[in-house]
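Visitor: The structure file model21.txt (compact mmCIF, C-alpha atoms and all ligand atoms) is provided below.
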```
# COMPACT_ATOMS: atom_id res chain seq x y z
CA MET A 1 -102.40 69.41 -12.99
CA LEU A 2 -105.53 69.79 -15.03
CA THR A 3 -108.84 68.59 -13.62
CA ALA A 4 -111.19 66.36 -15.63
CA ASP A 5 -113.38 69.39 -16.34
CA GLU A 6 -110.39 71.36 -17.54
CA CYS A 7 -109.33 68.50 -19.82
CA ALA A 8 -112.77 68.59 -21.39
CA ARG A 9 -112.92 72.38 -21.59
CA TYR A 10 -109.52 72.69 -23.25
CA SER A 11 -109.64 69.49 -25.33
CA ARG A 12 -109.15 71.39 -28.61
CA HIS A 13 -105.94 72.86 -27.16
CA LEU A 14 -104.81 69.53 -25.76
CA SER A 15 -105.03 67.90 -29.18
CA LEU A 16 -102.63 70.47 -30.65
CA PRO A 17 -99.09 69.07 -30.34
CA GLU A 18 -97.77 72.65 -29.87
CA ILE A 19 -99.90 73.01 -26.73
CA GLY A 20 -100.90 69.67 -25.21
CA VAL A 21 -101.18 69.15 -21.45
CA VAL A 22 -97.83 70.81 -20.72
CA GLY A 23 -98.78 73.90 -22.71
CA GLN A 24 -102.24 74.12 -21.17
CA GLU A 25 -100.64 74.01 -17.72
CA LYS A 26 -98.39 76.90 -18.76
CA ILE A 27 -101.51 78.83 -19.79
CA LYS A 28 -103.08 77.98 -16.45
CA THR A 29 -100.19 79.44 -14.48
CA ALA A 30 -99.88 82.53 -16.71
CA ARG A 31 -100.74 85.99 -15.37
CA ILE A 32 -101.79 88.51 -18.01
CA LEU A 33 -102.74 92.15 -17.46
CA ILE A 34 -105.09 93.86 -19.91
CA VAL A 35 -105.00 97.63 -19.83
CA GLY A 36 -108.38 98.92 -20.99
CA ALA A 37 -111.65 96.97 -21.08
CA GLY A 38 -112.66 98.59 -24.35
CA GLY A 39 -112.71 97.61 -28.00
CA LEU A 40 -109.37 95.79 -27.88
CA GLY A 41 -109.62 94.59 -24.29
CA SER A 42 -113.02 92.98 -24.88
CA PRO A 43 -112.04 90.32 -27.42
CA ALA A 44 -108.54 89.95 -25.96
CA SER A 45 -109.85 89.24 -22.46
CA LEU A 46 -112.69 87.00 -23.65
CA TYR A 47 -110.33 84.81 -25.67
CA LEU A 48 -107.70 84.69 -22.94
CA ALA A 49 -110.33 83.74 -20.36
CA ALA A 50 -111.72 81.11 -22.71
CA ALA A 51 -108.19 79.79 -23.31
CA GLY A 52 -107.76 79.25 -19.56
CA VAL A 53 -105.22 81.92 -18.61
CA GLY A 54 -105.10 81.35 -14.87
CA THR A 55 -104.93 84.97 -13.74
CA LEU A 56 -106.25 87.91 -15.70
CA GLY A 57 -106.06 91.54 -14.58
CA ILE A 58 -108.31 94.20 -16.11
CA ILE A 59 -107.61 97.90 -15.61
CA ASP A 60 -110.30 100.41 -16.55
CA HIS A 61 -111.60 103.44 -14.69
CA ASP A 62 -114.53 104.07 -17.05
CA ARG A 63 -118.21 103.27 -16.91
CA ILE A 64 -120.19 101.61 -19.69
CA ASP A 65 -121.68 104.09 -22.13
CA LEU A 66 -124.22 103.37 -24.87
CA SER A 67 -121.68 104.40 -27.52
CA ASN A 68 -119.30 101.65 -26.31
CA LEU A 69 -121.60 98.79 -27.31
CA GLN A 70 -120.88 99.16 -31.03
CA ARG A 71 -117.53 97.41 -30.40
CA GLN A 72 -116.97 96.58 -26.71
CA ILE A 73 -118.44 93.08 -26.75
CA LEU A 74 -117.81 92.42 -23.05
CA PHE A 75 -120.86 94.53 -22.22
CA GLU A 76 -124.63 94.46 -22.66
CA SER A 77 -127.32 97.07 -23.07
CA THR A 78 -128.65 96.41 -19.57
CA GLN A 79 -125.29 97.37 -18.01
CA LEU A 80 -125.06 101.05 -18.96
CA GLY A 81 -123.43 103.11 -16.24
CA ALA A 82 -121.79 100.12 -14.54
CA SER A 83 -118.04 99.89 -13.92
CA LYS A 84 -116.27 98.42 -16.92
CA ALA A 85 -113.64 96.60 -14.87
CA ASP A 86 -116.16 94.98 -12.51
CA THR A 87 -118.57 94.11 -15.31
CA ALA A 88 -115.73 92.61 -17.35
CA ARG A 89 -114.65 90.53 -14.38
CA ALA A 90 -118.15 89.08 -13.93
CA ARG A 91 -118.47 88.36 -17.67
CA LEU A 92 -115.09 86.59 -17.84
CA LEU A 93 -115.80 84.49 -14.75
CA ALA A 94 -119.18 83.51 -16.22
CA LEU A 95 -117.34 82.35 -19.33
CA ASN A 96 -114.70 80.48 -17.37
CA PRO A 97 -115.11 79.97 -13.60
CA GLU A 98 -111.81 78.02 -13.49
CA ILE A 99 -109.74 81.22 -13.72
CA SER A 100 -109.24 84.17 -11.43
CA VAL A 101 -109.82 87.75 -12.55
CA GLN A 102 -108.67 90.93 -10.80
CA ALA A 103 -110.59 94.12 -11.60
CA TYR A 104 -108.79 97.45 -11.13
CA ASN A 105 -111.21 100.38 -11.20
CA GLN A 106 -108.50 102.92 -11.76
CA LYS A 107 -106.58 104.79 -14.37
CA LEU A 108 -103.06 103.61 -15.15
CA THR A 109 -100.72 106.47 -14.25
CA ALA A 110 -97.01 106.97 -13.82
CA ASP A 111 -97.59 106.70 -10.06
CA ASN A 112 -99.33 103.31 -10.00
CA ALA A 113 -98.07 101.64 -13.20
CA VAL A 114 -95.15 99.74 -11.68
CA GLN A 115 -97.25 98.44 -8.81
CA LEU A 116 -100.06 97.33 -11.16
CA ILE A 117 -97.87 95.74 -13.84
CA GLN A 118 -95.26 94.10 -11.59
CA PRO A 119 -97.34 91.03 -10.55
CA TYR A 120 -98.05 90.03 -14.17
CA ASP A 121 -96.04 88.03 -16.73
CA LEU A 122 -97.27 89.90 -19.78
CA VAL A 123 -99.23 93.04 -20.64
CA ILE A 124 -101.82 93.64 -23.34
CA ASP A 125 -102.20 97.27 -24.26
CA GLY A 126 -105.83 97.98 -25.08
CA SER A 127 -105.72 101.66 -24.19
CA ASP A 128 -106.94 104.30 -26.60
CA ARG A 129 -104.59 107.08 -25.58
CA LEU A 130 -101.12 107.51 -26.97
CA ALA A 131 -99.75 108.78 -23.66
CA THR A 132 -100.90 105.57 -21.96
CA ARG A 133 -99.32 103.51 -24.75
CA TYR A 134 -95.95 105.13 -24.10
CA LEU A 135 -96.33 104.75 -20.34
CA ILE A 136 -97.12 101.03 -20.67
CA ASN A 137 -94.21 100.55 -23.05
CA ASP A 138 -91.78 102.30 -20.73
CA VAL A 139 -92.88 100.36 -17.65
CA CYS A 140 -92.73 97.05 -19.53
CA VAL A 141 -89.19 97.84 -20.69
CA ILE A 142 -88.17 98.92 -17.17
CA LEU A 143 -89.76 95.86 -15.52
CA ARG A 144 -88.72 93.54 -18.38
CA LYS A 145 -92.26 92.38 -19.16
CA PRO A 146 -93.42 91.29 -22.62
CA LEU A 147 -95.99 93.64 -24.15
CA VAL A 148 -98.46 93.14 -26.96
CA SER A 149 -99.45 96.53 -28.27
CA ALA A 150 -102.19 97.46 -30.73
CA ALA A 151 -103.84 100.62 -31.94
CA ILE A 152 -106.84 101.28 -34.11
CA TYR A 153 -107.95 104.31 -36.07
CA ARG A 154 -111.03 104.57 -38.31
CA PHE A 155 -110.61 101.54 -40.64
CA GLU A 156 -106.97 100.80 -39.88
CA GLY A 157 -105.10 99.06 -37.13
CA GLN A 158 -101.58 98.13 -36.19
CA ALA A 159 -99.95 95.73 -33.79
CA MET A 160 -96.48 94.89 -32.51
CA THR A 161 -94.98 92.81 -29.73
CA TYR A 162 -92.13 93.65 -27.42
CA VAL A 163 -90.13 90.99 -25.61
CA PRO A 164 -87.21 92.13 -23.44
CA GLU A 165 -83.78 91.41 -24.96
CA ARG A 166 -85.41 90.03 -28.09
CA GLY A 167 -86.47 93.09 -30.05
CA PRO A 168 -87.21 96.80 -30.27
CA CYS A 169 -89.82 98.58 -28.17
CA TYR A 170 -92.67 100.90 -29.14
CA ARG A 171 -90.48 103.93 -28.53
CA CYS A 172 -87.84 102.55 -30.93
CA LEU A 173 -90.51 102.65 -33.61
CA PHE A 174 -92.15 105.95 -32.62
CA PRO A 175 -89.59 107.93 -30.60
CA GLN A 176 -91.78 110.99 -30.15
CA SER A 177 -94.92 111.07 -28.08
CA ILE A 178 -97.46 113.20 -29.89
CA ASP A 179 -100.44 112.80 -27.62
CA GLY A 180 -103.24 115.25 -28.05
CA MET A 181 -102.68 115.20 -31.78
CA VAL A 182 -103.76 111.71 -32.70
CA PRO A 183 -107.49 111.52 -32.15
CA ASN A 184 -108.88 108.51 -30.30
CA CYS A 185 -112.00 106.54 -31.19
CA ALA A 186 -114.29 109.08 -29.58
CA GLU A 187 -113.00 111.79 -31.87
CA ALA A 188 -112.16 109.97 -35.09
CA GLY A 189 -114.62 107.09 -35.16
CA VAL A 190 -113.74 103.46 -35.69
CA LEU A 191 -115.24 100.52 -37.52
CA GLY A 192 -116.67 98.42 -34.68
CA VAL A 193 -115.26 95.13 -35.88
CA LEU A 194 -111.71 96.48 -36.26
CA PRO A 195 -110.78 96.24 -32.55
CA GLY A 196 -112.23 92.72 -32.69
CA VAL A 197 -109.62 91.78 -35.28
CA PHE A 198 -106.80 93.34 -33.29
CA GLY A 199 -107.88 92.28 -29.80
CA ALA A 200 -108.07 88.67 -30.99
CA LEU A 201 -104.65 89.07 -32.59
CA GLN A 202 -103.26 90.37 -29.28
CA ALA A 203 -104.67 87.34 -27.46
CA ALA A 204 -103.00 85.04 -29.99
CA GLU A 205 -99.65 86.78 -29.55
CA ALA A 206 -99.95 86.59 -25.75
CA LEU A 207 -100.67 82.85 -25.82
CA LYS A 208 -97.73 82.24 -28.17
CA ILE A 209 -95.40 84.05 -25.79
CA VAL A 210 -96.77 82.15 -22.78
CA LEU A 211 -96.29 78.88 -24.67
CA ASP A 212 -93.03 79.97 -26.30
CA ILE A 213 -94.20 78.79 -29.71
CA GLY A 214 -94.20 80.35 -33.16
CA THR A 215 -92.80 83.71 -34.21
CA PRO A 216 -94.06 86.80 -32.41
CA LEU A 217 -94.33 90.27 -33.96
CA LEU A 218 -90.85 91.29 -32.81
CA GLY A 219 -89.43 94.19 -34.79
CA ARG A 220 -92.44 93.96 -37.08
CA LEU A 221 -95.31 96.42 -37.19
CA LEU A 222 -98.31 94.60 -38.61
CA THR A 223 -100.93 96.85 -40.16
CA PHE A 224 -104.39 96.12 -41.49
CA ASP A 225 -106.64 98.25 -43.64
CA ALA A 226 -110.20 96.96 -43.46
CA LEU A 227 -111.35 99.05 -46.43
CA ASP A 228 -108.79 97.46 -48.76
CA MET A 229 -108.77 94.23 -46.73
CA ARG A 230 -105.02 94.34 -46.87
CA TRP A 231 -102.32 93.41 -44.35
CA GLN A 232 -98.85 94.86 -44.44
CA GLU A 233 -95.76 94.47 -42.38
CA PHE A 234 -93.00 96.97 -41.68
CA LYS A 235 -89.74 95.83 -40.20
CA PHE A 236 -87.95 98.01 -37.67
CA THR A 237 -84.94 97.57 -35.45
CA ARG A 238 -83.88 98.59 -31.99
CA ARG A 239 -82.61 102.15 -31.76
CA LEU A 240 -79.40 102.41 -29.80
CA ASP A 241 -80.51 105.92 -28.83
CA CYS A 242 -84.01 104.80 -27.71
CA ALA A 243 -84.98 106.85 -24.65
CA VAL A 244 -86.13 103.79 -22.71
CA CYS A 245 -84.46 100.62 -24.10
CA GLY A 246 -81.36 102.26 -25.62
CA GLU A 247 -77.77 102.16 -24.45
CA SER A 248 -77.98 105.34 -22.39
CA ALA A 249 -81.68 105.42 -21.65
CA SER A 250 -82.99 108.69 -20.21
CA ILE A 251 -86.29 107.18 -19.02
CA ARG A 252 -85.57 105.06 -15.96
CA THR A 253 -88.78 105.59 -14.05
CA PRO A 254 -92.32 105.77 -15.41
CA GLN A 255 -93.44 109.17 -16.59
CA ASP A 256 -96.66 110.51 -18.00
CA SER A 257 -95.64 111.52 -21.48
CA ALA A 258 -98.84 113.55 -21.77
CA ALA A 259 -96.92 116.44 -20.32
CA ALA A 260 -98.70 119.74 -20.41
CA GLY A 261 -96.43 120.88 -23.19
CA GLN A 262 -97.74 118.28 -25.62
CA SER A 263 -101.13 119.88 -26.05
CA ARG A 264 -99.45 123.26 -26.45
CA VAL A 265 -97.52 121.74 -29.37
CA ALA A 266 -100.76 120.44 -30.86
CA LEU A 267 -102.32 123.89 -30.75
CA LEU A 268 -99.38 125.41 -32.63
CA ILE A 269 -99.76 123.15 -35.65
CA GLU A 270 -101.96 124.46 -38.42
CA ARG A 271 -104.11 121.74 -39.96
CA LEU A 272 -104.68 122.25 -43.67
CA GLN A 273 -107.40 120.58 -45.68
CA PRO A 274 -106.38 119.79 -49.28
CA ARG A 275 -108.40 122.72 -50.67
CA ALA A 276 -106.78 125.11 -48.19
CA LEU A 277 -103.32 123.89 -49.15
CA HIS A 278 -104.20 124.14 -52.83
CA ALA A 279 -105.30 127.74 -52.30
CA ARG A 280 -102.15 128.52 -50.30
CA LEU A 281 -99.96 127.25 -53.15
CA GLN A 282 -101.66 129.61 -55.60
CA LEU A 283 -100.68 132.67 -53.51
CA ILE A 284 -97.90 134.82 -54.89
CA GLY A 285 -94.97 135.63 -52.60
CA ASP A 286 -93.69 134.09 -49.37
CA PRO A 287 -94.07 130.51 -50.56
CA PRO A 288 -94.23 127.81 -47.88
CA ILE A 289 -91.77 124.92 -47.83
CA LEU A 290 -93.43 121.59 -48.50
CA ILE A 291 -91.78 118.59 -46.85
CA ASP A 292 -93.02 115.16 -47.85
CA VAL A 293 -92.09 112.87 -44.95
CA ARG A 294 -92.99 109.59 -46.64
CA GLU A 295 -90.36 107.03 -47.56
CA ASN A 296 -88.35 107.61 -50.77
CA HIS A 297 -90.18 104.95 -52.73
CA GLU A 298 -93.57 106.41 -51.87
CA TYR A 299 -92.38 109.88 -52.81
CA SER A 300 -91.04 108.60 -56.13
CA VAL A 301 -94.48 107.26 -57.14
CA SER A 302 -96.13 110.66 -56.84
CA HIS A 303 -95.70 113.90 -54.92
CA LEU A 304 -96.58 117.56 -55.07
CA PRO A 305 -94.17 119.27 -57.49
CA GLU A 306 -93.00 121.76 -54.86
CA ALA A 307 -92.36 119.14 -52.16
CA ILE A 308 -88.93 118.02 -50.99
CA ASN A 309 -88.55 114.54 -49.49
CA ILE A 310 -87.27 113.94 -45.96
CA PRO A 311 -88.57 110.63 -44.54
CA LEU A 312 -89.96 111.02 -41.02
CA ARG A 313 -87.35 108.71 -39.51
CA GLU A 314 -84.57 111.03 -40.77
CA LEU A 315 -86.32 114.27 -39.91
CA SER A 316 -84.87 114.95 -36.46
CA GLN A 317 -81.35 114.79 -37.94
CA ARG A 318 -82.27 116.81 -41.03
CA LEU A 319 -84.46 119.58 -39.62
CA GLY A 320 -81.59 121.98 -40.25
CA GLU A 321 -82.19 121.61 -44.01
CA ILE A 322 -85.54 123.35 -43.62
CA ARG A 323 -85.43 127.14 -43.54
CA ALA A 324 -87.16 127.98 -40.27
CA ALA A 325 -88.21 131.47 -41.37
CA ALA A 326 -90.71 130.16 -43.93
CA THR A 327 -93.87 128.22 -43.15
CA SER A 328 -93.16 124.48 -43.18
CA ILE A 329 -95.99 122.27 -44.41
CA PHE A 330 -95.54 118.56 -43.77
CA ILE A 331 -97.19 115.95 -45.95
CA CYS A 332 -97.48 112.16 -45.80
CA ARG A 333 -99.84 109.47 -47.04
CA SER A 334 -102.74 109.79 -44.62
CA GLY A 335 -101.78 112.54 -42.17
CA ALA A 336 -100.31 110.65 -39.21
CA ARG A 337 -96.61 110.89 -40.06
CA SER A 338 -96.98 114.52 -41.13
CA LEU A 339 -98.51 115.35 -37.74
CA ALA A 340 -95.57 113.70 -35.97
CA ALA A 341 -93.19 115.60 -38.25
CA ALA A 342 -94.94 118.90 -37.53
CA SER A 343 -94.59 118.31 -33.78
CA LEU A 344 -90.85 117.68 -34.20
CA ALA A 345 -90.51 120.96 -36.06
CA ILE A 346 -92.48 122.86 -33.41
CA GLU A 347 -90.34 121.35 -30.66
CA ALA A 348 -87.23 122.35 -32.60
CA GLY A 349 -88.45 125.95 -32.53
CA HIS A 350 -89.86 126.41 -36.02
CA PRO A 351 -92.40 129.22 -35.62
CA SER A 352 -94.80 128.44 -38.46
CA VAL A 353 -95.70 124.79 -39.00
CA ALA A 354 -98.63 123.12 -40.75
CA HIS A 355 -99.56 119.70 -42.00
CA LEU A 356 -101.88 118.35 -44.69
CA GLU A 357 -104.81 116.65 -43.00
CA GLY A 358 -105.62 113.32 -44.60
CA GLY A 359 -102.31 113.40 -46.49
CA MET A 360 -101.82 112.62 -50.17
CA LEU A 361 -104.84 110.31 -50.09
CA ALA A 362 -107.07 113.27 -49.27
CA TRP A 363 -105.23 115.43 -51.79
CA ALA A 364 -105.81 112.86 -54.54
CA GLN A 365 -109.46 112.59 -53.61
CA ASP A 366 -110.17 116.33 -53.45
CA ILE A 367 -107.71 117.91 -55.87
CA GLU A 368 -106.08 115.43 -58.26
CA PRO A 369 -108.32 112.39 -58.80
CA ALA A 370 -105.87 110.92 -61.34
CA MET A 371 -103.01 110.86 -58.85
CA VAL A 372 -101.75 107.46 -57.75
CA VAL A 373 -100.65 107.42 -54.09
CA ALA A 374 -98.09 104.76 -53.19
CA ASP A 375 -99.37 102.05 -50.92
CA ALA A 376 -96.87 101.39 -48.25
CA LEU A 377 -93.88 102.50 -46.41
CA LYS A 378 -91.25 99.82 -46.09
CA PHE A 379 -88.32 100.91 -44.06
CA ASN A 380 -85.31 98.82 -43.27
ZN ZN B 1 -86.81 101.15 -27.45
```
With the file now loaded, output its structure as structure tokens.
Ligand SMILES: [Zn+2]
Guide:
Amino acid sequence: MLTADECARYSRHLSLPEIGVVGQEKIKTARILIVGAGGLGSPASLYLAAAGVGTLGIIDHDRIDLSNLQRQILFESTQLGASKADTARARLLALNPEISVQAYNQKLTADNAVQLIQPYDLVIDGSDRLATRYLINDVCVILRKPLVSAAIYRFEGQAMTYVPERGPCYRCLFPQSIDGMVPNCAEAGVLGVLPGVFGALQAAEALKIVLDIGTPLLGRLLTFDALDMRWQEFKFTRRLDCAVCGESASIRTPQDSAAAGQSRVALLIERLQPRALHARLQLIGDPPILIDVRENHEYSVSHLPEAINIPLRELSQRLGEIRAAATSIFICRSGARSLAAASLAIEAGHPSVAHLEGGMLAWAQDIEPAMVVADALKFN
């Protein structure tokens, strides 16, 4: 039952036929866990608190730093040094005293993840570490909890939703964990408003799942480029060989995928700037093998003349086509897929592996200004 105050507070929800009193009561009984009170967790938790989600959990072991305030709108300049989880709790309760908020001043790890996630109906991933993203995905699959995942990088973001039995998981889309290689906000920088866009989007997805309305981002990776102001969507399907949701899953208990070996892999990959690659290609003798891991249609628009095309999603099956004795240089559009490809090659035992930092976009900018780089990958 909603109180008179609640009816007033949520009146703009109540007048939507898709929500109404019944829907608002569903929101009131919902329990949502937000991992990370950062750039994504700030808008996501504020909107979910405002919407009247009855129980919110916030996990964050960090303290508020001056550099957080450019995007983490839960916090104020007077709160530097305070616990993020506790400060977030106070802020959310000030916004909506009708709800209850649990603050967890701890890091989500393989040891505590099941215990922390179990009491909740749905998880919002607002973490900024790839290893944590895989851990959350795995625990949500194991515990059969819906998950709304998002990630941001510089001017770009991506989001997807997992619902048990209804679609693929994060590991179906990105089978390999390559933590230590993808820089987080602290290292790469991020446009402050970008997590605002994606955190709000995560809150919308979570409410839709609670209400069972609309079409969630199942099997769809939604991406946004703030520089071009362009949204794109890539469809993907469940992998029968997925390590966590597949037919013979090897991951049955949570594990920290940031195994020590991952950073070793990162160290073994040579990172080439466009000018360095250009210089390398001018050398006579012992030519490297260039592998463009973009999709066929991107490759067909433009590529380096020496490059062969093996899309990233086919690479683990086709690594044998690459002569391991030579140096393998992986190339993609912006440098993320090539880094993943390089880690696969290292793990397969290739001794000399490099990738083009910034991808063909950087190459076009620095070396061949007339080159047109294809926009999107569309697999499936
Ligand atoms: Zn999966």
Visitor: Between A:Asp138, A:Asp60, A:Glu25, A:Asp286, which is the closest to Gly246 of chain A once you count all atoms listed in the file?
Guide: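 Of the candidates, the smallest distance to Gly246 of chain A is held by A:Asp138.
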Visitor: Excluding Leu312 of chain A and any residue of its chain fewer than 5 positions from it, enumerate the residues within 7 Å of it, using all atoms listed in the file, and give them as a PDB file with C-alpha atoms, in the coordinates of the input.
Guide:
```pdb
ATOM      1  CA  VAL A 293     -92.090 112.870 -44.950  1.00  0.00           C
ATOM      2  CA  ARG A 294     -92.990 109.590 -46.640  1.00  0.00           C
ATOM      3  CA  ARG A 337     -96.610 110.890 -40.060  1.00  0.00           C
ATOM      4  CA  ALA A 341     -93.190 115.600 -38.250  1.00  0.00           C
TER       5      ALA A 341
END
```
Visitor: Of the candidates A:Leu116, A:Gly167, A:Pro146, A:Ala131, which shows the shortest atom-to-atom distance to Lys235 of chain A, using all atoms listed in the file?
Guide: A:Gly167
Visitor: Could you tell me how far atom CA of Phe236 of chain A lies from atom CA of Ile142 of chain A, in Å and to one decimal?
Guide: 20.5 Å
Visitor: Between atom CA of Ala226 of chain A and atom CA of Pro43 of chain A, measure the distance and give it in Å to one decimal.
Guide: 17.5 Å
Visitor: Could you pull the residues within 6 Å of Leu221 of chain A, counting all atoms listed in the file, minus those fewer than 4 positions along the same chain, as a list of chain:residue names?
Guide: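 Near neighbours after the sequence-gap exclusion: A:Ala159, A:Met160, A:Glu233, A:Phe234.
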